[in-house]
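Novice: So that you have it, the file is my_file_2.txt, and it contains compact mmCIF, C-alpha atoms:
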# COMPACT_ATOMS: atom_id res chain seq x y z
CA MET A 1 -7.16 24.39 8.32
CA ARG A 2 -8.13 25.23 11.88
CA GLN A 3 -10.09 23.52 14.62
CA SER A 4 -13.18 25.59 15.34
CA GLY A 5 -15.01 23.39 17.83
CA LYS A 6 -16.20 19.89 18.56
CA ALA A 7 -19.08 17.72 17.39
CA VAL A 8 -20.69 15.15 19.68
CA LEU A 9 -22.09 11.87 18.39
CA ASN A 10 -24.50 9.95 20.59
CA TYR A 11 -24.76 6.28 19.65
CA GLY A 12 -25.82 3.04 21.26
CA GLU A 13 -27.07 3.13 24.85
CA GLY A 14 -25.71 6.28 26.40
CA LYS A 15 -22.48 6.14 24.40
CA MET A 16 -20.98 9.43 23.30
CA VAL A 17 -17.89 10.41 21.35
CA GLU A 18 -16.44 13.78 20.30
CA PHE A 19 -14.86 14.77 16.99
CA PRO A 20 -13.01 17.95 16.00
CA VAL A 21 -14.81 20.46 13.79
CA LEU A 22 -12.43 21.94 11.20
CA GLY A 23 -12.79 25.23 9.36
CA GLY A 24 -11.27 26.32 6.08
CA THR A 25 -10.71 29.79 4.66
CA ILE A 26 -14.31 30.02 3.43
CA GLY A 27 -17.14 27.54 3.06
CA PRO A 28 -18.85 25.06 5.39
CA GLU A 29 -17.07 23.59 8.37
CA VAL A 30 -16.40 19.84 8.42
CA VAL A 31 -16.47 17.19 11.12
CA ASP A 32 -13.18 15.27 11.23
CA ILE A 33 -14.32 11.65 11.51
CA ARG A 34 -11.00 9.95 10.77
CA THR A 35 -11.09 8.26 14.19
CA LEU A 36 -14.75 7.19 13.94
CA TYR A 37 -14.10 3.50 13.31
CA GLY A 38 -11.43 3.24 15.97
CA LYS A 39 -13.65 4.90 18.57
CA THR A 40 -17.03 3.36 17.68
CA GLY A 41 -16.48 0.42 15.33
CA MET A 42 -18.77 2.15 12.80
CA PHE A 43 -18.35 3.80 9.38
CA THR A 44 -20.39 6.54 7.73
CA TYR A 45 -22.64 5.81 4.72
CA ASP A 46 -22.54 8.52 2.04
CA PRO A 47 -23.22 7.32 -1.54
CA GLY A 48 -21.73 9.71 -4.07
CA PHE A 49 -19.82 11.47 -1.27
CA LEU A 50 -22.51 14.15 -1.07
CA SER A 51 -21.53 15.12 2.48
CA THR A 52 -17.94 13.92 2.67
CA ALA A 53 -14.74 15.93 2.18
CA SER A 54 -12.07 13.52 1.01
CA THR A 55 -9.23 16.03 1.10
CA GLN A 56 -8.22 19.59 1.91
CA SER A 57 -7.28 21.75 -1.07
CA THR A 58 -6.10 25.29 -1.81
CA ILE A 59 -6.91 25.27 -5.53
CA THR A 60 -10.60 25.80 -6.28
CA TYR A 61 -13.62 26.92 -4.28
CA ILE A 62 -17.27 26.63 -5.31
CA ASP A 63 -20.34 28.02 -3.59
CA GLY A 64 -23.14 26.40 -5.52
CA ASP A 65 -25.93 28.27 -3.76
CA GLN A 66 -24.41 31.67 -4.55
CA GLY A 67 -23.04 30.74 -7.99
CA ILE A 68 -19.41 31.44 -7.05
CA LEU A 69 -16.32 29.82 -8.60
CA LEU A 70 -12.82 30.85 -7.46
CA TYR A 71 -9.44 29.67 -8.73
CA ARG A 72 -6.89 30.25 -5.93
CA GLY A 73 -9.24 32.96 -4.61
CA TYR A 74 -9.76 34.78 -7.92
CA PRO A 75 -13.35 34.96 -9.29
CA ILE A 76 -13.78 33.13 -12.59
CA GLU A 77 -15.51 36.23 -14.01
CA GLN A 78 -12.31 38.27 -13.60
CA LEU A 79 -9.93 35.57 -14.81
CA ALA A 80 -11.94 34.82 -17.96
CA VAL A 81 -11.95 38.51 -18.94
CA SER A 82 -8.47 39.61 -17.86
CA CYS A 83 -6.22 36.57 -18.38
CA ASP A 84 -5.34 34.05 -21.06
CA PHE A 85 -5.33 30.30 -20.48
CA LEU A 86 -1.63 29.90 -19.72
CA GLU A 87 -1.80 32.67 -17.11
CA VAL A 88 -4.65 30.79 -15.47
CA ALA A 89 -2.71 27.54 -15.80
CA TYR A 90 0.23 29.14 -13.99
CA LEU A 91 -2.12 30.34 -11.26
CA ILE A 92 -3.66 26.91 -10.78
CA LEU A 93 -0.29 25.18 -10.74
CA PHE A 94 1.72 27.59 -8.58
CA GLY A 95 -0.87 29.50 -6.53
CA ASP A 96 -0.46 33.08 -7.77
CA LEU A 97 -0.87 34.95 -11.03
CA PRO A 98 2.48 35.41 -12.78
CA ASP A 99 4.21 38.71 -13.38
CA ARG A 100 5.34 39.38 -16.94
CA GLN A 101 8.73 37.72 -16.51
CA GLN A 102 7.22 34.63 -14.87
CA ARG A 103 4.54 34.43 -17.54
CA ASP A 104 7.04 34.68 -20.41
CA LYS A 105 9.25 31.98 -18.92
CA PHE A 106 6.25 29.70 -18.26
CA VAL A 107 4.90 30.14 -21.80
CA GLN A 108 8.33 29.47 -23.28
CA THR A 109 8.74 26.30 -21.21
CA VAL A 110 5.30 24.97 -22.10
CA MET A 111 5.73 25.67 -25.81
CA ARG A 112 9.11 23.88 -25.85
CA HIS A 113 7.28 20.68 -24.88
CA THR A 114 4.51 20.73 -27.52
CA MET A 115 6.07 18.08 -29.76
CA VAL A 116 5.41 14.41 -29.04
CA HIS A 117 7.79 11.51 -29.58
CA ASP A 118 7.67 10.52 -33.24
CA GLN A 119 6.89 6.89 -32.42
CA ILE A 120 3.63 8.02 -30.81
CA ASN A 121 2.41 8.78 -34.34
CA ARG A 122 2.34 5.04 -34.97
CA PHE A 123 -0.04 4.47 -32.06
CA PHE A 124 -2.83 6.11 -33.99
CA THR A 125 -2.70 3.58 -36.81
CA GLY A 126 -3.66 0.90 -34.31
CA PHE A 127 -7.08 2.50 -33.87
CA ARG A 128 -9.97 2.24 -36.27
CA ARG A 129 -10.69 5.48 -38.10
CA ASP A 130 -14.18 5.53 -36.61
CA ALA A 131 -12.96 5.06 -33.03
CA HIS A 132 -14.31 7.71 -30.66
CA PRO A 133 -11.58 10.32 -30.11
CA MET A 134 -11.90 9.90 -26.35
CA ALA A 135 -11.02 6.22 -26.68
CA VAL A 136 -7.92 7.30 -28.57
CA MET A 137 -7.05 9.92 -25.95
CA VAL A 138 -7.26 7.43 -23.08
CA GLY A 139 -4.81 5.19 -24.92
CA VAL A 140 -2.24 7.70 -26.14
CA VAL A 141 -2.11 9.80 -22.95
CA GLY A 142 -1.60 6.67 -20.87
CA ALA A 143 1.12 5.60 -23.31
CA LEU A 144 3.16 8.75 -22.63
CA SER A 145 4.58 6.98 -19.58
CA ALA A 146 6.28 4.56 -21.97
CA PHE A 147 8.21 7.42 -23.60
CA TYR A 148 9.06 9.89 -20.86
CA HIS A 149 10.80 7.81 -18.21
CA ASP A 150 12.61 10.82 -16.80
CA SER A 151 9.42 12.28 -15.27
CA LEU A 152 7.84 9.26 -13.59
CA ASP A 153 9.34 9.53 -10.10
CA ILE A 154 6.44 11.00 -8.14
CA ASN A 155 8.69 11.59 -5.10
CA ASP A 156 10.89 14.02 -7.04
CA PRO A 157 9.32 17.52 -7.17
CA ARG A 158 11.34 18.43 -10.25
CA GLN A 159 10.14 15.37 -12.15
CA ARG A 160 6.55 16.15 -11.15
CA GLU A 161 6.99 19.66 -12.52
CA VAL A 162 8.41 18.36 -15.81
CA ALA A 163 5.48 15.94 -16.12
CA ALA A 164 3.10 18.86 -15.59
CA TYR A 165 4.73 20.88 -18.36
CA ARG A 166 4.67 17.91 -20.70
CA LEU A 167 1.03 17.11 -20.11
CA ILE A 168 -0.16 20.71 -20.51
CA ALA A 169 1.96 21.17 -23.63
CA LYS A 170 1.26 17.86 -25.37
CA MET A 171 -2.49 17.60 -24.77
CA PRO A 172 -3.34 20.07 -27.59
CA THR A 173 -1.02 18.18 -29.95
CA LEU A 174 -2.52 14.79 -29.10
CA THR A 175 -6.09 16.13 -29.24
CA ALA A 176 -5.52 17.61 -32.70
CA MET A 177 -3.87 14.39 -33.84
CA ALA A 178 -6.88 12.38 -32.68
CA TYR A 179 -9.14 14.65 -34.73
CA LYS A 180 -6.95 14.58 -37.85
CA TYR A 181 -6.71 10.80 -37.69
CA SER A 182 -10.49 10.45 -37.44
CA ILE A 183 -11.03 12.43 -40.68
CA GLY A 184 -8.12 10.93 -42.60
CA LEU A 185 -5.99 14.07 -42.84
CA PRO A 186 -2.25 14.33 -42.09
CA PHE A 187 -1.08 15.44 -38.68
CA VAL A 188 -0.12 19.11 -38.36
CA TYR A 189 2.87 19.78 -36.14
CA PRO A 190 2.84 22.62 -33.60
CA ARG A 191 4.15 26.10 -34.29
CA ASN A 192 5.65 27.41 -31.09
CA ASN A 193 5.61 31.06 -32.20
CA LEU A 194 1.81 30.97 -31.84
CA GLY A 195 -0.09 31.22 -28.59
CA TYR A 196 -1.45 28.12 -26.87
CA SER A 197 -5.00 28.30 -28.22
CA ALA A 198 -3.99 29.64 -31.64
CA ASN A 199 -1.48 26.81 -32.00
CA PHE A 200 -4.17 24.26 -31.16
CA MET A 201 -6.64 25.70 -33.67
CA ARG A 202 -3.98 25.64 -36.37
CA MET A 203 -3.18 21.98 -35.63
CA MET A 204 -6.90 21.20 -35.75
CA PHE A 205 -7.97 23.06 -38.86
CA SER A 206 -5.01 23.82 -41.13
CA VAL A 207 -3.99 21.61 -44.05
CA PRO A 208 -0.58 21.41 -45.77
CA ALA A 209 -2.06 22.64 -49.07
CA GLU A 210 -3.13 26.05 -47.72
CA ASP A 211 -1.97 28.80 -45.40
CA TYR A 212 -3.87 29.12 -42.12
CA THR A 213 -5.01 32.51 -40.87
CA VAL A 214 -5.46 32.96 -37.14
CA ASN A 215 -8.75 34.63 -36.16
CA GLU A 216 -8.18 36.34 -32.83
CA VAL A 217 -11.88 36.43 -31.92
CA LEU A 218 -12.17 32.67 -32.34
CA VAL A 219 -8.87 32.06 -30.54
CA ARG A 220 -10.10 34.13 -27.60
CA ALA A 221 -13.34 32.14 -27.54
CA LEU A 222 -11.43 28.87 -27.35
CA ASP A 223 -9.15 30.34 -24.70
CA ARG A 224 -12.19 31.22 -22.62
CA ILE A 225 -13.58 27.71 -22.98
CA LEU A 226 -10.28 26.36 -21.65
CA ILE A 227 -10.24 28.82 -18.73
CA LEU A 228 -13.82 28.02 -17.71
CA HIS A 229 -13.10 24.29 -17.68
CA ALA A 230 -9.59 24.36 -16.17
CA ASP A 231 -10.64 23.08 -12.74
CA HIS A 232 -13.81 22.47 -10.79
CA GLU A 233 -12.93 21.23 -7.34
CA GLN A 234 -13.39 17.54 -6.39
CA ASN A 235 -15.59 16.42 -9.29
CA ALA A 236 -15.76 12.83 -10.55
CA SER A 237 -12.76 12.95 -12.88
CA THR A 238 -10.58 14.94 -10.47
CA SER A 239 -11.44 12.51 -7.68
CA THR A 240 -10.52 9.68 -10.06
CA VAL A 241 -7.13 11.25 -10.75
CA ARG A 242 -6.53 11.67 -7.01
CA LEU A 243 -7.65 8.11 -6.26
CA ALA A 244 -5.40 6.67 -8.96
CA GLY A 245 -2.55 8.86 -7.76
CA SER A 246 -3.00 7.77 -4.16
CA SER A 247 -1.69 4.34 -5.16
CA GLY A 248 1.54 5.84 -6.45
CA ALA A 249 0.64 5.56 -10.13
CA ASN A 250 2.64 7.75 -12.53
CA PRO A 251 1.14 11.10 -13.60
CA PHE A 252 0.42 10.06 -17.21
CA ALA A 253 -1.57 7.04 -16.04
CA CYS A 254 -3.45 9.21 -13.54
CA ILE A 255 -4.43 11.76 -16.19
CA ALA A 256 -5.53 8.93 -18.50
CA SER A 257 -7.81 7.70 -15.72
CA GLY A 258 -9.28 11.19 -15.46
CA ILE A 259 -9.94 11.23 -19.21
CA ALA A 260 -11.71 7.87 -18.95
CA CYS A 261 -13.96 9.19 -16.18
CA LEU A 262 -14.63 12.45 -18.02
CA TRP A 263 -15.89 10.46 -21.01
CA GLY A 264 -19.08 9.60 -19.11
CA PRO A 265 -22.18 11.42 -20.45
CA ALA A 266 -23.11 12.60 -16.95
CA HIS A 267 -19.75 14.41 -16.69
CA GLY A 268 -17.72 15.59 -19.67
CA GLY A 269 -20.23 14.48 -22.28
CA ALA A 270 -22.90 16.91 -21.10
CA ASN A 271 -22.16 19.63 -23.69
CA GLU A 272 -22.39 17.07 -26.50
CA ALA A 273 -25.70 15.88 -25.08
CA ALA A 274 -27.00 19.47 -24.86
CA LEU A 275 -26.17 20.17 -28.50
CA ASN A 276 -27.72 16.87 -29.60
CA MET A 277 -30.89 17.84 -27.70
CA LEU A 278 -31.06 21.20 -29.48
CA GLU A 279 -30.55 19.54 -32.86
CA ASP A 280 -33.32 17.04 -32.12
CA VAL A 281 -35.72 19.84 -31.16
CA GLN A 282 -34.73 21.75 -34.29
CA LYS A 283 -35.52 18.74 -36.48
CA GLN A 284 -38.94 18.50 -34.84
CA GLY A 285 -39.86 22.08 -35.72
CA GLY A 286 -37.51 24.33 -33.76
CA VAL A 287 -38.76 27.38 -31.89
CA ALA A 288 -42.31 26.91 -33.21
CA ARG A 289 -42.56 23.52 -31.46
CA ILE A 290 -40.60 24.35 -28.34
CA GLY A 291 -43.74 24.39 -26.18
CA GLU A 292 -44.38 20.76 -27.04
CA PHE A 293 -40.83 19.84 -26.09
CA ILE A 294 -41.13 21.62 -22.73
CA ALA A 295 -44.38 19.74 -22.07
CA ARG A 296 -42.59 16.44 -22.73
CA VAL A 297 -39.77 17.42 -20.37
CA LYS A 298 -42.30 18.02 -17.60
CA ASP A 299 -43.92 14.65 -18.25
CA LYS A 300 -41.92 12.08 -16.28
CA ASN A 301 -43.21 9.29 -18.50
CA SER A 302 -42.11 10.85 -21.80
CA GLY A 303 -38.39 10.17 -21.44
CA ALA A 304 -37.54 13.70 -22.72
CA LYS A 305 -34.68 15.39 -20.83
CA LEU A 306 -33.61 19.01 -20.64
CA MET A 307 -29.85 18.79 -21.15
CA GLY A 308 -27.51 21.64 -20.20
CA PHE A 309 -29.64 22.81 -17.29
CA GLY A 310 -29.05 22.20 -13.60
CA HIS A 311 -25.83 21.09 -11.95
CA ARG A 312 -24.74 18.75 -9.18
CA VAL A 313 -23.13 21.65 -7.31
CA TYR A 314 -24.67 24.88 -8.61
CA LYS A 315 -28.16 25.67 -7.32
CA ASN A 316 -27.93 29.12 -8.86
CA TYR A 317 -26.93 30.42 -12.29
CA ASP A 318 -23.62 28.79 -13.21
CA PRO A 319 -21.15 31.73 -13.37
CA ARG A 320 -19.38 30.03 -16.26
CA ALA A 321 -22.65 29.95 -18.23
CA LYS A 322 -22.93 33.76 -18.18
CA LEU A 323 -19.43 34.11 -19.61
CA MET A 324 -20.00 31.41 -22.21
CA ARG A 325 -23.26 33.08 -23.24
CA GLU A 326 -21.34 36.30 -24.00
CA THR A 327 -18.74 34.33 -25.91
CA THR A 328 -21.45 32.66 -27.95
CA TYR A 329 -22.70 36.07 -29.10
CA GLU A 330 -19.17 37.19 -29.99
CA VAL A 331 -18.40 34.09 -32.05
CA LEU A 332 -21.68 34.00 -33.94
CA SER A 333 -21.36 37.70 -34.71
CA GLU A 334 -17.77 37.29 -35.95
CA LEU A 335 -18.78 34.41 -38.22
CA GLY A 336 -21.98 36.04 -39.43
CA LEU A 337 -24.11 33.38 -37.79
CA GLY A 338 -26.39 35.70 -35.81
CA ASP A 339 -29.40 33.97 -37.33
CA ASP A 340 -28.12 30.53 -36.41
CA PRO A 341 -31.29 28.51 -35.73
CA LEU A 342 -29.73 26.50 -32.91
CA PHE A 343 -28.70 29.68 -31.09
CA LYS A 344 -32.17 31.16 -31.49
CA LEU A 345 -33.61 27.91 -30.19
CA ALA A 346 -31.20 27.96 -27.25
CA MET A 347 -32.22 31.52 -26.34
CA ALA A 348 -35.91 30.64 -26.50
CA LEU A 349 -35.34 27.54 -24.38
CA GLU A 350 -33.31 29.51 -21.85
CA LYS A 351 -36.05 32.19 -21.56
CA ILE A 352 -38.75 29.60 -20.92
CA ALA A 353 -36.66 27.69 -18.40
CA LEU A 354 -35.77 30.85 -16.46
CA GLU A 355 -39.41 31.97 -16.26
CA ASP A 356 -41.34 28.73 -15.97
CA GLU A 357 -42.16 27.86 -12.36
CA TYR A 358 -41.50 24.15 -13.01
CA PHE A 359 -37.82 24.84 -13.75
CA VAL A 360 -37.36 27.81 -11.40
CA SER A 361 -38.65 25.86 -8.40
CA ARG A 362 -36.21 23.04 -9.22
CA LYS A 363 -33.32 25.51 -9.74
CA LEU A 364 -32.67 24.20 -13.24
CA TYR A 365 -30.55 27.11 -14.45
CA PRO A 366 -28.46 26.92 -17.64
CA ASN A 367 -24.98 25.56 -17.04
CA VAL A 368 -21.79 26.06 -19.02
CA ASP A 369 -22.47 22.97 -21.16
CA PHE A 370 -25.62 24.56 -22.56
CA TYR A 371 -23.59 27.19 -24.44
CA SER A 372 -20.17 25.64 -24.93
CA GLY A 373 -21.51 23.11 -27.42
CA ILE A 374 -22.91 25.90 -29.60
CA VAL A 375 -19.62 27.81 -29.48
CA GLN A 376 -17.56 24.74 -30.35
CA ARG A 377 -19.91 23.89 -33.20
CA ALA A 378 -19.47 27.42 -34.57
CA LEU A 379 -15.67 27.04 -34.30
CA GLY A 380 -15.91 23.95 -36.50
CA ILE A 381 -15.29 21.40 -33.76
CA PRO A 382 -17.42 18.25 -34.27
CA THR A 383 -19.49 16.94 -31.37
CA SER A 384 -17.30 13.84 -31.07
CA MET A 385 -14.41 16.14 -30.07
CA PHE A 386 -16.25 18.17 -27.42
CA THR A 387 -15.16 16.01 -24.50
CA CYS A 388 -11.59 15.96 -25.80
CA ILE A 389 -11.55 19.76 -25.60
CA PHE A 390 -12.86 19.44 -22.04
CA ALA A 391 -10.03 17.01 -21.21
CA LEU A 392 -7.49 19.37 -22.75
CA ALA A 393 -8.71 22.19 -20.52
CA ARG A 394 -9.08 20.13 -17.36
CA THR A 395 -5.58 18.62 -17.59
CA VAL A 396 -4.07 21.62 -15.78
CA GLY A 397 -6.55 21.18 -12.92
CA TRP A 398 -5.97 17.44 -12.78
CA ILE A 399 -2.20 17.78 -12.62
CA ALA A 400 -2.39 20.52 -9.98
CA GLN A 401 -4.77 18.44 -7.86
CA TRP A 402 -2.56 15.37 -8.31
CA ASN A 403 0.55 17.29 -7.30
CA GLU A 404 -1.22 18.75 -4.27
CA MET A 405 -2.27 15.25 -3.22
CA ILE A 406 1.27 13.87 -3.58
CA SER A 407 2.58 16.71 -1.41
CA ASP A 408 -0.06 16.28 1.32
CA PRO A 409 1.42 14.50 4.38
CA ASP A 410 -2.09 13.41 5.45
CA GLN A 411 -2.81 11.65 2.14
CA LYS A 412 -3.30 7.90 2.21
CA ILE A 413 -4.20 5.41 -0.48
CA GLY A 414 -7.88 5.76 -1.28
CA ARG A 415 -9.97 2.99 0.23
CA PRO A 416 -13.70 3.78 0.58
CA ARG A 417 -15.68 1.59 2.97
CA GLN A 418 -18.97 -0.15 2.20
CA LEU A 419 -22.23 -1.21 3.77
CA TYR A 420 -22.35 -4.92 2.98
CA THR A 421 -25.84 -6.24 2.15
CA GLY A 422 -24.97 -9.60 0.57
CA ALA A 423 -25.33 -13.12 1.91
CA ALA A 424 -24.12 -13.88 5.42
CA ARG A 425 -21.42 -16.50 5.94
CA ARG A 426 -22.38 -19.90 4.49
CA ASP A 427 -20.61 -23.14 3.71
CA VAL A 428 -19.86 -24.60 0.29
CA VAL A 429 -21.95 -27.67 -0.54
CA PRO A 430 -20.34 -30.30 -2.81
CA ILE A 431 -21.58 -29.95 -6.40
CA GLU A 432 -23.38 -33.31 -6.36
CA LYS A 433 -25.53 -32.13 -3.42
CA ARG A 434 -26.48 -28.65 -4.69
Show me the file's structure as structure tokens.

Specialist:
Amino acid sequence: MRQSGKAVLNYGEGKMVEFPVLGGTIGPEVVDIRTLYGKTGMFTYDPGFLSTASTQSTITYIDGDQGILLYRGYPIEQLAVSCDFLEVAYLILFGDLPDRQQRDKFVQTVMRHTMVHDQINRFFTGFRRDAHPMAVMVGVVGALSAFYHDSLDINDPRQREVAAYRLIAKMPTLTAMAYKYSIGLPFVYPRNNLGYSANFMRMMFSVPAEDYTVNEVLVRALDRILILHADHEQNASTSTVRLAGSSGANPFACIASGIACLWGPAHGGANEAALNMLEDVQKQGGVARIGEFIARVKDKNSGAKLMGFGHRVYKNYDPRAKLMRETTYEVLSELGLGDDPLFKLAMALEKIALEDEYFVSRKLYPNVDFYSGIVQRALGIPTSMFTCIFALARTVGWIAQWNEMISDPDQKIGRPRQLYTGAARRDVVPIEKR
């Protein structure tokens, strides 16, 4: 961070105050307004923090206008093609891609932590079988702090590192357990001789009565899903993790808060919503009736929504969507599902949206959620588990952002201000006179 100039604010009658302008490595400059209240007695008003940087970070950079996503400076297009998820996890956590020795040690350490305390198994019986898996995940991840007391001291860098390993390693196990519990099948314990994604798929889909065969094409597809969702700058759930962490809360509680935020349909539930939209259109006639659906989307009074298009940040083609589109082709080809009606419908919908002036003028490009739901469906993952997979992937970003926040000497407990519009001061009238 460097000071690149000054910004002048004129307010009141001839009053003027200066603020430093700060520049990062790349991206827009920011006006440092930390002293605004002290100098002027005023706050800024920025609902949704559309123009406010709450922190400085070295982890992820997004240029929404250009469709750029970088992890620690590396383009997502290169990472998704050249690296596996744990290599990317190492990069996000430690700042650089590992060499072979570092990678092997990191993988070994993560895989040694895949088991969960046996008493955690009993937690699941306290949930109804039809409970949403995300409700289960919020509970069991938060409960990890009750079992791993030796990694709760946030002021100890070593304990923070152990907590990071535990969270990254145990999230696949807990996610698979949530799924198995929901369908009434026994839990499958991890096999640490398998890779991260292969191990997760085995825990999800194998049964004790049969051998499980790893399909490398499908494992790579899941690995790519995890890479593409590993971090995404200061989004709602990441900001929630940072806000919870700013109070000094333990890392397991902070990640549970991120899971709770991710559960919202406007955030992590978007891929589930996109797949549900495609299934609804398919039931109404599929590709043959797609024109009618598009007409309803354009009609503000119809209530129809085009899910999986557009993004809060990206005003160009989401770079993750291009990669997920390729993965979709690979998975459907491997499984012999090239004629999958939902995929054909998705392609037809994409073509219309990319050519129709209504969508082009509004920059409603396909985002990663548009394709990831189709891929997960092909892998055999039910829609109720989509957001759990998202949480599994995003955990590495959350823990890296949390650790960065803890290590930042400028960090203070989060305390947004408000513009009060309620009643002015008034006196209480005795109840008999009201």

Novice: Counting only C-alpha atoms, figure out which residue out of A:Glu355, A:Glu292, A:Glu350, A:Asp318 gets nearest to Glu77 of chain A.

Specialist: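 Result for the nearest residue to Glu77 of chain A: A:Asp318.
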
Novice: Restricting the calculation to only C-alpha atoms, which member of A:Gln234, A:Thr40, A:Gln108, A:Met177 is positioned closest to Leu194 of chain A?

Specialist: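 Closest residue, counting only C-alpha atoms: A:Gln108.
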
Novice: Name all residues at most 8 Å from Met111 of chain A (count all atoms listed in the file; drop same-chain ones fewer than 2 positions away) and give them as an mmCIF file with C-alpha atoms, in the coordinates of the input.

Specialist:
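Saved as out-v1.cif:
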data_model
loop_
_atom_site.group_PDB
_atom_site.id
_atom_site.type_symbol
_atom_site.label_atom_id
_atom_site.label_comp_id
_atom_site.auth_asym_id
_atom_site.auth_seq_id
_atom_site.Cartn_x
_atom_site.Cartn_y
_atom_site.Cartn_z
ATOM 1 C CA VAL A 107 4.900 30.140 -21.800
ATOM 2 C CA GLN A 108 8.330 29.470 -23.280
ATOM 3 C CA THR A 109 8.740 26.300 -21.210
ATOM 4 C CA HIS A 113 7.280 20.680 -24.880
ATOM 5 C CA THR A 114 4.510 20.730 -27.520
ATOM 6 C CA ALA A 169 1.960 21.170 -23.630
ATOM 7 C CA ASN A 192 5.650 27.410 -31.090
ATOM 8 C CA TYR A 196 -1.450 28.120 -26.870
#

Novice: Could you please give me, as number ranges by chain, the residues of protein, DNA or RNA lying at most 12 Å from (-46.2, 26.7, -23.4) in the coordinate frame of the file, considering all atoms listed in the file?

Specialist: A: 287-298, 348-349, 351-353, 355-358

Novice: Might you pull out every residue within 8 Å of Ile413 of chain A, with only C-alpha atoms counted and same-chain residues fewer than 4 positions away left off, and present them as a VMD selection string?

Specialist: chain A and resid 243 246 to 247

Novice: To one decimal in Å, tell me the separation between atom CA of Arg377 of chain A and atom CA of Leu335 of chain A.

Specialist: 11.7 Å

Novice: What lies within 9 Å of Leu228 of chain A using all atoms listed in the file, ignoring chain neighbours under 2 positions off, as a PDB file with C-alpha atoms, in the coordinates of the input?

Specialist:
ATOM      1  CA  ILE A  76     -13.780  33.130 -12.590  1.00  0.00           C
ATOM      2  CA  LEU A  79      -9.930  35.570 -14.810  1.00  0.00           C
ATOM      3  CA  ALA A  80     -11.940  34.820 -17.960  1.00  0.00           C
ATOM      4  CA  ASP A 223      -9.150  30.340 -24.700  1.00  0.00           C
ATOM      5  CA  ARG A 224     -12.190  31.220 -22.620  1.00  0.00           C
ATOM      6  CA  ILE A 225     -13.580  27.710 -22.980  1.00  0.00           C
ATOM      7  CA  LEU A 226     -10.280  26.360 -21.650  1.00  0.00           C
ATOM      8  CA  ALA A 230      -9.590  24.360 -16.170  1.00  0.00           C
ATOM      9  CA  ASP A 231     -10.640  23.080 -12.740  1.00  0.00           C
ATOM     10  CA  HIS A 232     -13.810  22.470 -10.790  1.00  0.00           C
ATOM     11  CA  ARG A 320     -19.380  30.030 -16.260  1.00  0.00           C
ATOM     12  CA  LEU A 323     -19.430  34.110 -19.610  1.00  0.00           C
ATOM     13  CA  MET A 324     -20.000  31.410 -22.210  1.00  0.00           C
ATOM     14  CA  VAL A 368     -21.790  26.060 -19.020  1.00  0.00           C
ATOM     15  CA  ALA A 393      -8.710  22.190 -20.520  1.00  0.00           C
TER      16      ALA A 393
END

Novice: How many Å lie between atom CA of Ala131 of chain A and atom CA of Met385 of chain A, rounded to one decimal?

Specialist: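 That distance, rounded to one decimal, is 11.6 Å.
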
Novice: Determine, counting all atoms listed in the file, which protein, DNA and RNA residues have an atom within 12 Å of an atom of Arg202 of chain A; residues of the same chain fewer than 6 positions away are not included. Present the result as a list in words.

Specialist: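 The residues satisfying every condition are Pro172, Thr173, Ala176, Met177, Lys180, Phe187, Val188, Tyr189, Pro190, Arg191, Asn192, Asn193, Leu194, Gly195, Tyr196, Pro208, Glu210, Asp211, Tyr212, Thr213, Val214, Asn215, Leu218, Val219 and Leu379 of chain A.
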
Novice: If you count all atoms listed in the file, which residues fall within 12 Å of Glu279 of chain A, apart from same-chain ones fewer than 2 positions away, as a list in words?

Specialist: Glu272, Ala273, Ala274, Leu275, Asn276, Met277, Val281, Gln282, Lys283, Gln284, Gly285, Gly286, Val287, Met307, Asp340, Pro341, Leu342, Phe343, Lys344, Leu345, Ala346, Gly373, Ile374, Arg377 and Thr383 of chain A

Novice: Return the padded bounding box of segment 119-131 of chain A as JSON: axis-aligned, built from all atoms listed in the file, 6 Å added on each side, with centre and edge lengths in Å to one decimal.

Specialist:
{"center_x": -3.6, "center_y": 4.8, "center_z": -34.5, "size_x": 33.1, "size_y": 19.9, "size_z": 19.3}

Novice: Using only C-alpha atoms, find the one residue out of A:Pro416, A:Arg122, A:Gly422, A:Asn155 that sits nearest to Val140 of chain A.

Specialist: A:Arg122

Novice: Using all atoms listed in the file, which residue out of A:Thr35, A:Thr327, A:Ser384, A:Ser372 lies closest to Val81 of chain A?

Specialist: A:Thr327

Novice: So how far away is atom CA of Thr387 of chain A from atom CA of Ala270 of chain A, in Å?

Specialist: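 About the pair atom CA of Ala270 of chain A and atom CA of Thr387 of chain A: they are 8.5 Å apart.
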
Novice: Against segment 45-68 of chain A, which residues of segment 235-307 of chain A fall within 10 Å? For each one I want the closest pair of atoms and the distance in Å (one decimal), counting all atoms listed in the file, rows by chain and increasing residue number, as JSON lines.

Specialist:
{"residue": "A:Ala236", "atom": "CA", "partner": "A:Gly48", "partner_atom": "CA", "distance": 9.3}
{"residue": "A:Ser239", "atom": "CA", "partner": "A:Ser54", "partner_atom": "CA", "distance": 8.8}
{"residue": "A:Arg242", "atom": "CA", "partner": "A:Thr55", "partner_atom": "CA", "distance": 9.6}

Novice: Save the residues we just selected, C-alpha atoms, as a PDB file, in the coordinates of the input?

Specialist:
ATOM      1  CA  ALA A 236     -15.760  12.830 -10.550  1.00  0.00           C
ATOM      2  CA  SER A 239     -11.440  12.510  -7.680  1.00  0.00           C
ATOM      3  CA  ARG A 242      -6.530  11.670  -7.010  1.00  0.00           C
TER       4      ARG A 242
END
